[in-house]
Amino acid sequence: AVGDQHAGAEILTQRGGPDMAAFKKIGFIGLGTMGAHFASNLIKAGTEITVHDIQRDSADAHLSAGAKWADTPRELAAASEVILTSLPGPTEVEKVALDETDGLIAGMKPGTVLFDLSTNSPTTVRHIHEVFAARGLHCLDAPVSGGPKGAASGKLAIWVGGDKTVFSASRTALDILGDQVRYIGPIGAGTVAKLVHNAAGYAIQTALAEVFSAGVKAGVEPLALFAAVRQGVRGRQRTFDSLAEHYLINQYAPPDFTLRLAHKDVALAAELGRELGVPMRLIDLTLADMTEALDRGWGDRDSRVAMCLQQERAGVDFTVDPKDVLAVLDAD
């Protein structure tokens, strides 16, 4: 779990080195698949770190590398100025943070900062933030994206919600863990971004399984089909980049590809599924939305105009300045 002994140093070298003046005593809880790599990289970066996990032997490699052990979250909190948690979910995070006997809140000193790296519930993290704030403590949500490989290499996105001033003053540990640390907004914003990201990924995964199974059943060899479609426009484009075209800026004319033509394409795919006896539930839902948009008289507008139907259902309305969208894209 500790991995390459030079990884932490290499990560810091690539990022211009750490701000040593900003280094603080760090506590880390949760030495699982992701957390083990995180704690390892913090040790390699030269931080003074105390660790805790419900399985004591999970910390053996880290203790051998120089970390200190705490028997409880309370004990860890008493020895730390910045605390990071990487836990399975809301139940575990809330217990570790708020248990009045052995939880973090029982040992944290005023001004101590908690960054929760877990995929959490916005409601839970906002509750913890509220309870902490009443005692002069800080809680920020900082969920991560990059998987175990990213956790090991430091090539990781971290989305942070909470007090921006606290984030700026205490972000050094996050910059060791990830190369794409981004402040998103108030408490809970990072968690919302993570849920949007993950849910979209699994929905897309399900849609790909649906259409790919139809393609194979239609007689195309799987590897040939994969090699072909990955070179299409969707295969070459980063998933969320397509939102920048028409949708974010709320402009659907002139179209890149009309709704009328897109509807025809999806209708043909749905028909193929019926002919083959392949269930196409997500495609059928997509076609229903596109048909509703056609019935609104939007056929000659860009195909992404159908996405406006979901905005209506959700009760949201937004338009982003095209210059601001380009600035985000250019920043990459």
# chains A, B, ... in the order shown; residues from 1 in each chain; ligands from 1
call {"tool": "residues_around", "arguments": {"residues": "Lys194 in chain A", "least_positions_apart": "3", "cutoff": "8 Å", "atoms": "only C-alpha atoms", "output": "PyMOL selection string"}}
result
chain A and resi 119+143-145+159+190-191+197-198
call {"tool": "write_last_selection", "arguments": {"atoms": "all heavy atoms", "output": "short mmCIF file (atom, residue, chain, number, x, y, z; two decimals), in the first residue's frame"}}
result
data_model
loop_
_atom_site.label_atom_id
_atom_site.label_comp_id
_atom_site.auth_asym_id
_atom_site.auth_seq_id
_atom_site.Cartn_x
_atom_site.Cartn_y
_atom_site.Cartn_z
N THR A 119 -16.52 9.98 -0.44
CA THR A 119 -17.72 10.27 -1.22
C THR A 119 -18.87 10.26 -0.23
O THR A 119 -19.30 9.20 0.22
CB THR A 119 -17.94 9.24 -2.33
OG1 THR A 119 -16.81 9.26 -3.21
CG2 THR A 119 -19.20 9.58 -3.13
N PRO A 143 -13.98 15.60 -1.76
CA PRO A 143 -13.98 14.29 -2.41
C PRO A 143 -13.00 14.25 -3.58
O PRO A 143 -12.67 15.29 -4.17
CB PRO A 143 -15.43 14.13 -2.88
CG PRO A 143 -15.94 15.52 -3.01
CD PRO A 143 -15.27 16.29 -1.92
N VAL A 144 -12.55 13.06 -3.90
CA VAL A 144 -11.50 12.89 -4.89
C VAL A 144 -11.99 12.06 -6.07
O VAL A 144 -12.96 11.31 -5.97
CB VAL A 144 -10.27 12.20 -4.26
CG1 VAL A 144 -9.80 12.96 -3.04
CG2 VAL A 144 -10.59 10.75 -3.87
N SER A 145 -11.29 12.19 -7.20
CA SER A 145 -11.59 11.39 -8.38
C SER A 145 -10.27 11.02 -9.05
O SER A 145 -9.45 11.90 -9.33
CB SER A 145 -12.48 12.15 -9.35
OG SER A 145 -12.73 11.38 -10.51
N TRP A 159 -12.15 18.06 -5.27
CA TRP A 159 -13.14 19.13 -5.37
C TRP A 159 -13.53 19.56 -3.96
O TRP A 159 -14.08 18.77 -3.19
CB TRP A 159 -14.35 18.65 -6.15
CG TRP A 159 -13.99 18.19 -7.54
CD1 TRP A 159 -13.22 18.86 -8.43
CD2 TRP A 159 -14.38 16.97 -8.18
NE1 TRP A 159 -13.10 18.14 -9.60
CE2 TRP A 159 -13.81 16.97 -9.48
CE3 TRP A 159 -15.17 15.89 -7.80
CZ2 TRP A 159 -13.99 15.93 -10.38
CZ3 TRP A 159 -15.35 14.85 -8.70
CH2 TRP A 159 -14.78 14.88 -9.97
N GLY A 190 -18.36 20.48 -3.13
CA GLY A 190 -17.45 19.46 -3.63
C GLY A 190 -18.12 18.10 -3.71
O GLY A 190 -17.94 17.35 -4.68
N THR A 191 -18.91 17.79 -2.69
CA THR A 191 -19.62 16.51 -2.66
C THR A 191 -20.65 16.43 -3.78
O THR A 191 -20.80 15.38 -4.42
CB THR A 191 -20.30 16.33 -1.29
OG1 THR A 191 -19.28 16.25 -0.28
CG2 THR A 191 -21.13 15.06 -1.25
N HIS A 197 -20.48 13.73 -10.98
CA HIS A 197 -19.46 13.04 -11.77
C HIS A 197 -19.68 11.53 -11.77
O HIS A 197 -19.70 10.88 -12.82
CB HIS A 197 -18.08 13.38 -11.21
CG HIS A 197 -16.95 12.65 -11.86
ND1 HIS A 197 -16.54 11.40 -11.45
CD2 HIS A 197 -16.16 12.97 -12.90
CE1 HIS A 197 -15.54 10.99 -12.21
NE2 HIS A 197 -15.29 11.93 -13.09
N ASN A 198 -19.82 10.94 -10.58
CA ASN A 198 -19.91 9.49 -10.49
C ASN A 198 -21.21 8.95 -11.08
O ASN A 198 -21.21 7.94 -11.79
CB ASN A 198 -19.78 9.05 -9.04
CG ASN A 198 -18.34 9.03 -8.58
OD1 ASN A 198 -17.49 9.70 -9.16
ND2 ASN A 198 -18.05 8.29 -7.53
#
call {"tool": "residues_around", "arguments": {"residues": "range 313-328 of chain A", "least_positions_apart": "4", "cutoff": "10 Å", "atoms": "only C-alpha atoms", "output": "list in words"}}
result
Asp241, Leu243, Ala244, Glu245, His246, Tyr247, Leu248, Ile249, Asn250, Gln251, Cys308, Leu309 and Asp332 of chain A
call {"tool": "select_by_dssp", "arguments": {"residues": "range 101-261 of chain A", "states": "strand (DSSP E or B)", "output": "list in words"}}
result
Val113, Leu114, Phe115, Asp116, His138, Cys139, Leu140, Asp141, Val144, Ser145, Ala157, Ile158, Trp159, Val160, Gly161, Gln180, Val181, Arg182, Tyr183, Ile184, Gly185 and Thr258 of chain A
call {"tool": "closest_residue", "arguments": {"among": "A:Gly215, A:Arg304, A:Ala65, A:Gly161", "to": "Lys44 in chain A", "atoms": "only C-alpha atoms"}}
result
A:Ala65
call {"tool": "residues_around", "arguments": {"residues": "Pro88 in chain A", "least_positions_apart": "6", "cutoff": "10 Å", "atoms": "only C-alpha atoms", "output": "list of chain:residue names"}}
result
A:Gly30, A:Gly32, A:Ser118, A:Thr119, A:Asn120
call {"tool": "closest_residue", "arguments": {"among": "A:Thr112, A:Phe257, A:Gln180, A:Gly46", "to": "Ala331 in chain A", "atoms": "only C-alpha atoms"}}
result
A:Gln180
call {"tool": "residues_around", "arguments": {"residues": "Val131 in chain A", "least_positions_apart": "5", "cutoff": "9 Å", "atoms": "only C-alpha atoms", "output": "PyMOL selection string"}}
result
chain A and resi 98+105+126+137
call {"tool": "atom_distance", "arguments": {"atom1": "CA of Ala39 in chain A", "atom2": "CA of Gly154 in chain A"}}
result
11.5 Å
call {"tool": "select_by_dssp", "arguments": {"residues": "range 67-123 of chain A", "states": "helix (DSSP H, G or I)", "output": "PDB file with N, CA and C atoms, in the first residue's frame"}}
result
ATOM      1  N   PRO A  73     -10.084   8.302  17.029  1.00  0.00           N
ATOM      2  CA  PRO A  73     -10.139   9.599  16.332  1.00  0.00           C
ATOM      3  C   PRO A  73      -9.915  10.766  17.298  1.00  0.00           C
ATOM      4  N   ARG A  74     -10.414  10.634  18.521  1.00  0.00           N
ATOM      5  CA  ARG A  74     -10.225  11.695  19.511  1.00  0.00           C
ATOM      6  C   ARG A  74      -8.738  11.922  19.781  1.00  0.00           C
ATOM      7  N   GLU A  75      -8.004  10.848  19.976  1.00  0.00           N
ATOM      8  CA  GLU A  75      -6.572  10.952  20.238  1.00  0.00           C
ATOM      9  C   GLU A  75      -5.844  11.554  19.041  1.00  0.00           C
ATOM     10  N   LEU A  76      -6.250  11.131  17.849  1.00  0.00           N
ATOM     11  CA  LEU A  76      -5.647  11.672  16.627  1.00  0.00           C
ATOM     12  C   LEU A  76      -5.918  13.168  16.512  1.00  0.00           C
ATOM     13  N   ALA A  77      -7.156  13.575  16.803  1.00  0.00           N
ATOM     14  CA  ALA A  77      -7.518  14.984  16.706  1.00  0.00           C
ATOM     15  C   ALA A  77      -6.692  15.851  17.633  1.00  0.00           C
ATOM     16  N   ALA A  78      -6.425  15.350  18.820  1.00  0.00           N
ATOM     17  CA  ALA A  78      -5.667  16.117  19.799  1.00  0.00           C
ATOM     18  C   ALA A  78      -4.235  16.366  19.338  1.00  0.00           C
ATOM     19  N   PRO A  90     -21.295   8.137   4.435  1.00  0.00           N
ATOM     20  CA  PRO A  90     -21.815   9.097   5.410  1.00  0.00           C
ATOM     21  C   PRO A  90     -21.878   8.577   6.840  1.00  0.00           C
ATOM     22  N   THR A  91     -22.314   7.348   7.033  1.00  0.00           N
ATOM     23  CA  THR A  91     -22.448   6.799   8.385  1.00  0.00           C
ATOM     24  C   THR A  91     -21.114   6.795   9.107  1.00  0.00           C
ATOM     25  N   GLU A  92     -20.081   6.324   8.425  1.00  0.00           N
ATOM     26  CA  GLU A  92     -18.756   6.239   9.036  1.00  0.00           C
ATOM     27  C   GLU A  92     -18.176   7.626   9.292  1.00  0.00           C
ATOM     28  N   VAL A  93     -18.367   8.534   8.336  1.00  0.00           N
ATOM     29  CA  VAL A  93     -17.814   9.883   8.502  1.00  0.00           C
ATOM     30  C   VAL A  93     -18.471  10.587   9.687  1.00  0.00           C
ATOM     31  N   GLU A  94     -19.789  10.482   9.792  1.00  0.00           N
ATOM     32  CA  GLU A  94     -20.496  11.165  10.873  1.00  0.00           C
ATOM     33  C   GLU A  94     -20.078  10.616  12.242  1.00  0.00           C
ATOM     34  N   LYS A  95     -19.926   9.308  12.327  1.00  0.00           N
ATOM     35  CA  LYS A  95     -19.524   8.715  13.614  1.00  0.00           C
ATOM     36  C   LYS A  95     -18.118   9.158  13.993  1.00  0.00           C
ATOM     37  N   VAL A  96     -17.190   9.082  13.044  1.00  0.00           N
ATOM     38  CA  VAL A  96     -15.805   9.477  13.316  1.00  0.00           C
ATOM     39  C   VAL A  96     -15.729  10.947  13.697  1.00  0.00           C
ATOM     40  N   ALA A  97     -16.525  11.781  13.033  1.00  0.00           N
ATOM     41  CA  ALA A  97     -16.442  13.225  13.273  1.00  0.00           C
ATOM     42  C   ALA A  97     -17.153  13.665  14.539  1.00  0.00           C
ATOM     43  N   LEU A  98     -18.338  13.106  14.812  1.00  0.00           N
ATOM     44  CA  LEU A  98     -19.207  13.699  15.828  1.00  0.00           C
ATOM     45  C   LEU A  98     -19.398  12.894  17.105  1.00  0.00           C
ATOM     46  N   LEU A 104     -13.697  12.780  16.531  1.00  0.00           N
ATOM     47  CA  LEU A 104     -12.806  13.919  16.305  1.00  0.00           C
ATOM     48  C   LEU A 104     -13.217  15.126  17.136  1.00  0.00           C
ATOM     49  N   ILE A 105     -14.509  15.376  17.189  1.00  0.00           N
ATOM     50  CA  ILE A 105     -14.999  16.576  17.866  1.00  0.00           C
ATOM     51  C   ILE A 105     -14.615  16.588  19.349  1.00  0.00           C
ATOM     52  N   ALA A 106     -14.400  15.417  19.918  1.00  0.00           N
ATOM     53  CA  ALA A 106     -14.039  15.330  21.332  1.00  0.00           C
ATOM     54  C   ALA A 106     -12.586  15.709  21.587  1.00  0.00           C
ATOM     55  N   PRO A 122     -24.127  15.364   0.838  1.00  0.00           N
ATOM     56  CA  PRO A 122     -24.084  16.800   1.122  1.00  0.00           C
ATOM     57  C   PRO A 122     -24.784  17.151   2.429  1.00  0.00           C
ATOM     58  N   THR A 123     -25.881  16.464   2.729  1.00  0.00           N
ATOM     59  CA  THR A 123     -26.615  16.720   3.969  1.00  0.00           C
ATOM     60  C   THR A 123     -25.749  16.400   5.176  1.00  0.00           C
TER      61      THR A 123
END
call {"tool": "residues_around", "arguments": {"residues": "Met290 in chain A", "least_positions_apart": "2", "cutoff": "12 Å", "atoms": "only C-alpha atoms", "output": "tab-separated table (two decimals) with all heavy atoms, in the first residue's frame"}}
result
chain	number	residue	atom	x	y	z
A	258	THR	N	-28.88	19.11	-36.16
A	258	THR	CA	-30.24	19.42	-35.75
A	258	THR	C	-30.89	18.30	-34.93
A	258	THR	O	-30.54	17.12	-35.07
A	258	THR	CB	-31.15	19.68	-36.96
A	258	THR	OG1	-31.29	18.47	-37.73
A	258	THR	CG2	-30.60	20.80	-37.84
A	259	LEU	N	-31.81	18.70	-34.11
A	259	LEU	CA	-32.58	17.74	-33.32
A	259	LEU	C	-33.31	16.77	-34.23
A	259	LEU	O	-33.39	15.57	-33.93
A	259	LEU	CB	-33.57	18.47	-32.42
A	259	LEU	CG	-34.56	17.60	-31.65
A	259	LEU	CD1	-33.81	16.71	-30.65
A	259	LEU	CD2	-35.59	18.45	-30.93
A	260	ARG	N	-33.82	17.26	-35.35
A	260	ARG	CA	-34.58	16.41	-36.26
A	260	ARG	C	-33.72	15.24	-36.76
A	260	ARG	O	-34.16	14.08	-36.78
A	260	ARG	CB	-35.08	17.24	-37.44
A	260	ARG	CG	-36.17	16.56	-38.27
A	260	ARG	CD	-36.62	17.45	-39.40
A	260	ARG	NE	-36.91	18.80	-38.96
A	260	ARG	CZ	-38.03	19.17	-38.34
A	260	ARG	NH1	-38.95	18.26	-38.08
A	260	ARG	NH2	-38.22	20.43	-38.01
A	261	LEU	N	-32.48	15.55	-37.15
A	261	LEU	CA	-31.60	14.49	-37.64
A	261	LEU	C	-31.14	13.56	-36.51
A	261	LEU	O	-31.05	12.35	-36.70
A	261	LEU	CB	-30.38	15.12	-38.32
A	261	LEU	CG	-30.66	15.80	-39.67
A	261	LEU	CD1	-29.41	16.51	-40.17
A	261	LEU	CD2	-31.16	14.80	-40.70
A	262	ALA	N	-30.88	14.14	-35.35
A	262	ALA	CA	-30.47	13.31	-34.22
A	262	ALA	C	-31.59	12.37	-33.80
A	262	ALA	O	-31.36	11.20	-33.47
A	262	ALA	CB	-30.07	14.21	-33.04
A	263	HIS	N	-32.83	12.86	-33.84
A	263	HIS	CA	-33.99	12.03	-33.50
A	263	HIS	C	-34.08	10.85	-34.45
A	263	HIS	O	-34.35	9.71	-34.04
A	263	HIS	CB	-35.26	12.88	-33.58
A	263	HIS	CG	-36.51	12.14	-33.24
A	263	HIS	ND1	-37.21	11.39	-34.17
A	263	HIS	CD2	-37.19	12.01	-32.06
A	263	HIS	CE1	-38.27	10.85	-33.59
A	263	HIS	NE2	-38.27	11.21	-32.31
A	264	LYS	N	-33.82	11.10	-35.73
A	264	LYS	CA	-33.85	10.02	-36.72
A	264	LYS	C	-32.81	8.96	-36.39
A	264	LYS	O	-33.08	7.75	-36.44
A	264	LYS	CB	-33.61	10.60	-38.11
A	264	LYS	CG	-33.55	9.58	-39.24
A	264	LYS	CD	-32.11	9.20	-39.60
A	264	LYS	CE	-31.34	10.43	-40.10
A	264	LYS	NZ	-29.95	10.07	-40.44
A	265	ASP	N	-31.60	9.39	-36.00
A	265	ASP	CA	-30.53	8.45	-35.70
A	265	ASP	C	-30.86	7.58	-34.49
A	265	ASP	O	-30.67	6.35	-34.49
A	265	ASP	CB	-29.23	9.20	-35.43
A	265	ASP	CG	-28.65	9.83	-36.68
A	265	ASP	OD1	-29.23	9.64	-37.77
A	265	ASP	OD2	-27.63	10.53	-36.57
A	266	VAL	N	-31.38	8.21	-33.44
A	266	VAL	CA	-31.70	7.46	-32.22
A	266	VAL	C	-32.90	6.54	-32.47
A	266	VAL	O	-32.95	5.42	-31.94
A	266	VAL	CB	-31.96	8.41	-31.05
A	266	VAL	CG1	-32.40	7.65	-29.80
A	266	VAL	CG2	-30.70	9.22	-30.74
A	267	ALA	N	-33.85	6.99	-33.29
A	267	ALA	CA	-35.00	6.15	-33.63
A	267	ALA	C	-34.54	4.89	-34.37
A	267	ALA	O	-35.06	3.79	-34.14
A	267	ALA	CB	-35.99	6.94	-34.48
A	283	ILE	N	-32.01	4.02	-24.30
A	283	ILE	CA	-32.22	4.60	-25.63
A	283	ILE	C	-33.68	4.96	-25.82
A	283	ILE	O	-34.01	6.02	-26.40
A	283	ILE	CB	-31.74	3.63	-26.72
A	283	ILE	CG1	-30.23	3.44	-26.64
A	283	ILE	CG2	-32.14	4.13	-28.11
A	283	ILE	CD1	-29.43	4.72	-26.75
A	284	ASP	N	-34.58	4.12	-25.33
A	284	ASP	CA	-36.01	4.44	-25.44
A	284	ASP	C	-36.36	5.71	-24.67
A	284	ASP	O	-37.16	6.53	-25.13
A	284	ASP	CB	-36.85	3.26	-24.93
A	284	ASP	CG	-36.83	2.07	-25.87
A	284	ASP	OD1	-36.49	2.26	-27.06
A	284	ASP	OD2	-37.14	0.95	-25.43
A	285	LEU	N	-35.76	5.88	-23.48
A	285	LEU	CA	-35.99	7.10	-22.72
A	285	LEU	C	-35.42	8.32	-23.44
A	285	LEU	O	-36.04	9.39	-23.46
A	285	LEU	CB	-35.35	6.97	-21.34
A	285	LEU	CG	-36.04	6.04	-20.34
A	285	LEU	CD1	-35.16	5.85	-19.11
A	285	LEU	CD2	-37.39	6.62	-19.93
A	286	THR	N	-34.26	8.14	-24.04
A	286	THR	CA	-33.64	9.23	-24.79
A	286	THR	C	-34.52	9.62	-25.97
A	286	THR	O	-34.74	10.81	-26.23
A	286	THR	CB	-32.25	8.80	-25.29
A	286	THR	OG1	-31.44	8.43	-24.18
A	286	THR	CG2	-31.58	9.91	-26.07
A	287	LEU	N	-35.02	8.62	-26.68
A	287	LEU	CA	-35.88	8.89	-27.82
A	287	LEU	C	-37.16	9.60	-27.39
A	287	LEU	O	-37.65	10.51	-28.08
A	287	LEU	CB	-36.22	7.58	-28.55
A	287	LEU	CG	-37.06	7.73	-29.83
A	287	LEU	CD1	-36.35	8.58	-30.86
A	287	LEU	CD2	-37.37	6.34	-30.41
A	288	ALA	N	-37.72	9.21	-26.25
A	288	ALA	CA	-38.93	9.86	-25.75
A	288	ALA	C	-38.68	11.34	-25.48
A	288	ALA	O	-39.52	12.20	-25.81
A	288	ALA	CB	-39.42	9.16	-24.48
A	292	GLU	N	-40.41	14.50	-27.48
A	292	GLU	CA	-41.09	15.60	-26.80
A	292	GLU	C	-40.54	16.95	-27.25
A	292	GLU	O	-41.29	17.91	-27.46
A	292	GLU	CB	-40.95	15.45	-25.29
A	292	GLU	CG	-41.68	16.52	-24.49
A	292	GLU	CD	-41.58	16.35	-22.99
A	292	GLU	OE1	-41.21	15.25	-22.54
A	292	GLU	OE2	-41.86	17.33	-22.26
A	293	ALA	N	-39.22	17.01	-27.42
A	293	ALA	CA	-38.60	18.25	-27.88
A	293	ALA	C	-39.02	18.57	-29.32
A	293	ALA	O	-39.27	19.73	-29.66
A	293	ALA	CB	-37.08	18.14	-27.79
A	294	LEU	N	-39.13	17.54	-30.15
A	294	LEU	CA	-39.63	17.76	-31.52
A	294	LEU	C	-41.04	18.31	-31.49
A	294	LEU	O	-41.40	19.21	-32.27
A	294	LEU	CB	-39.61	16.44	-32.29
A	294	LEU	CG	-38.36	16.04	-33.05
A	294	LEU	CD1	-38.60	14.73	-33.78
A	294	LEU	CD2	-37.95	17.12	-34.04
A	295	ASP	N	-41.86	17.78	-30.61
A	295	ASP	CA	-43.25	18.23	-30.50
A	295	ASP	C	-43.34	19.69	-30.03
A	295	ASP	O	-44.38	20.33	-30.22
A	295	ASP	CB	-44.03	17.33	-29.54
A	295	ASP	CG	-44.23	15.92	-30.09
A	295	ASP	OD1	-44.07	15.75	-31.32
A	295	ASP	OD2	-44.53	15.01	-29.30
A	296	ARG	N	-42.27	20.19	-29.42
A	296	ARG	CA	-42.23	21.60	-29.02
A	296	ARG	C	-41.90	22.50	-30.22
A	296	ARG	O	-41.91	23.72	-30.09
A	296	ARG	CB	-41.16	21.82	-27.94
A	296	ARG	CG	-41.38	21.08	-26.63
A	296	ARG	CD	-42.38	21.78	-25.73
A	296	ARG	NE	-42.41	21.16	-24.42
A	296	ARG	CZ	-41.79	21.64	-23.34
A	296	ARG	NH1	-41.10	22.76	-23.42
A	296	ARG	NH2	-41.86	21.00	-22.18
A	297	GLY	N	-41.58	21.89	-31.35
A	297	GLY	CA	-41.22	22.68	-32.53
A	297	GLY	C	-39.75	23.03	-32.59
A	297	GLY	O	-39.35	24.00	-33.26
A	298	TRP	N	-38.90	22.23	-31.91
A	298	TRP	CA	-37.47	22.54	-31.83
A	298	TRP	C	-36.63	21.74	-32.83
A	298	TRP	O	-35.42	21.70	-32.73
A	298	TRP	CB	-36.96	22.23	-30.42
A	298	TRP	CG	-37.61	23.03	-29.33
A	298	TRP	CD1	-38.37	24.15	-29.46
A	298	TRP	CD2	-37.54	22.75	-27.93
A	298	TRP	NE1	-38.78	24.61	-28.24
A	298	TRP	CE2	-38.28	23.76	-27.27
A	298	TRP	CE3	-36.92	21.76	-27.15
A	298	TRP	CZ2	-38.43	23.80	-25.88
A	298	TRP	CZ3	-37.07	21.82	-25.78
A	298	TRP	CH2	-37.81	22.82	-25.16
A	299	GLY	N	-37.25	21.15	-33.82
A	299	GLY	CA	-36.56	20.23	-34.72
A	299	GLY	C	-35.36	20.81	-35.45
A	299	GLY	O	-34.41	20.08	-35.75
A	301	ARG	N	-33.40	23.24	-34.34
A	301	ARG	CA	-32.39	23.75	-33.43
A	301	ARG	C	-31.36	22.66	-33.15
A	301	ARG	O	-31.53	21.50	-33.54
A	301	ARG	CB	-33.06	24.23	-32.14
A	301	ARG	CG	-34.13	25.29	-32.38
A	301	ARG	CD	-34.86	25.67	-31.13
A	301	ARG	NE	-34.05	26.54	-30.28
A	301	ARG	CZ	-34.44	26.97	-29.08
A	301	ARG	NH1	-35.62	26.61	-28.58
A	301	ARG	NH2	-33.66	27.76	-28.38
A	302	ASP	N	-30.28	23.00	-32.48
A	302	ASP	CA	-29.27	21.99	-32.19
A	302	ASP	C	-29.85	20.87	-31.33
A	302	ASP	O	-30.72	21.11	-30.47
A	302	ASP	CB	-28.09	22.63	-31.45
A	302	ASP	CG	-26.92	21.68	-31.33
A	302	ASP	OD1	-26.12	21.60	-32.28
A	302	ASP	OD2	-26.82	20.98	-30.29
A	303	SER	N	-29.37	19.66	-31.54
A	303	SER	CA	-29.94	18.49	-30.87
A	303	SER	C	-29.88	18.60	-29.35
A	303	SER	O	-30.71	18.01	-28.65
A	303	SER	CB	-29.21	17.22	-31.32
A	303	SER	OG	-27.82	17.30	-31.02
A	304	ARG	N	-28.92	19.37	-28.84
A	304	ARG	CA	-28.80	19.50	-27.39
A	304	ARG	C	-29.95	20.29	-26.76
A	304	ARG	O	-30.08	20.31	-25.54
A	304	ARG	CB	-27.45	20.12	-27.03
A	304	ARG	CG	-26.34	19.09	-26.98
A	304	ARG	CD	-24.98	19.74	-27.08
A	304	ARG	NE	-24.69	20.09	-28.46
A	304	ARG	CZ	-23.56	19.83	-29.10
A	304	ARG	NH1	-22.59	19.20	-28.46
A	304	ARG	NH2	-23.37	20.18	-30.35
A	305	VAL	N	-30.80	20.87	-27.58
A	305	VAL	CA	-31.94	21.61	-27.04
A	305	VAL	C	-32.88	20.70	-26.25
A	305	VAL	O	-33.60	21.14	-25.35
A	305	VAL	CB	-32.71	22.33	-28.18
A	305	VAL	CG1	-33.48	21.33	-29.04
A	305	VAL	CG2	-33.64	23.40	-27.62
A	306	ALA	N	-32.85	19.40	-26.57
A	306	ALA	CA	-33.69	18.45	-25.83
A	306	ALA	C	-33.30	18.40	-24.36
A	306	ALA	O	-34.11	18.04	-23.49
A	306	ALA	CB	-33.59	17.06	-26.46
A	307	MET	N	-32.08	18.79	-24.03
A	307	MET	CA	-31.62	18.78	-22.64
A	307	MET	C	-32.36	19.82	-21.81
A	307	MET	O	-32.41	19.73	-20.58
A	307	MET	CB	-30.11	19.04	-22.60
A	307	MET	CG	-29.29	17.96	-23.31
A	307	MET	SD	-27.55	18.45	-23.59
A	307	MET	CE	-26.91	18.30	-21.92
A	308	CYS	N	-32.96	20.79	-22.48
A	308	CYS	CA	-33.70	21.84	-21.77
A	308	CYS	C	-34.94	21.28	-21.07
A	308	CYS	O	-35.43	21.87	-20.10
A	308	CYS	CB	-34.13	22.94	-22.74
A	308	CYS	SG	-32.76	23.90	-23.39
A	309	LEU	N	-35.45	20.15	-21.57
A	309	LEU	CA	-36.62	19.55	-20.94
A	309	LEU	C	-36.31	19.16	-19.49
A	309	LEU	O	-37.15	19.34	-18.60
A	309	LEU	CB	-37.06	18.31	-21.73
A	309	LEU	CG	-37.53	18.57	-23.16
A	309	LEU	CD1	-37.77	17.25	-23.88
A	309	LEU	CD2	-38.81	19.41	-23.16
A	310	GLN	N	-35.11	18.64	-19.25
A	310	GLN	CA	-34.74	18.26	-17.89
A	310	GLN	C	-34.56	19.48	-17.01
A	310	GLN	O	-34.87	19.43	-15.80
A	310	GLN	CB	-33.47	17.41	-17.90
A	310	GLN	CG	-33.00	16.96	-16.53
A	310	GLN	CD	-34.02	16.11	-15.78
A	310	GLN	OE1	-34.89	15.48	-16.39
A	310	GLN	NE2	-33.93	16.11	-14.46
call {"tool": "residues_around", "arguments": {"residues": "Trp69 in chain A", "least_positions_apart": "5", "cutoff": "9 Å", "atoms": "only C-alpha atoms", "output": "list of chain:residue names"}}
result
A:Ile49, A:Thr50, A:Val51, A:His52, A:Arg56, A:Ala59, A:Leu63, A:Leu76
call {"tool": "atom_distance", "arguments": {"atom1": "CA of Glu210 in chain A", "atom2": "CA of Val278 in chain A"}}
result
8.2 Å
call {"tool": "atom_distance", "arguments": {"atom1": "CA of Glu221 in chain A", "atom2": "CA of Gly235 in chain A"}}
result
18.0 Å
call {"tool": "residues_around", "arguments": {"residues": "Ser168 in chain A", "least_positions_apart": "6", "cutoff": "12 Å", "atoms": "only C-alpha atoms", "output": "MDAnalysis selection string"}}
result
chainID A and resid 19 22 113 140 160:162 174:175 181:183
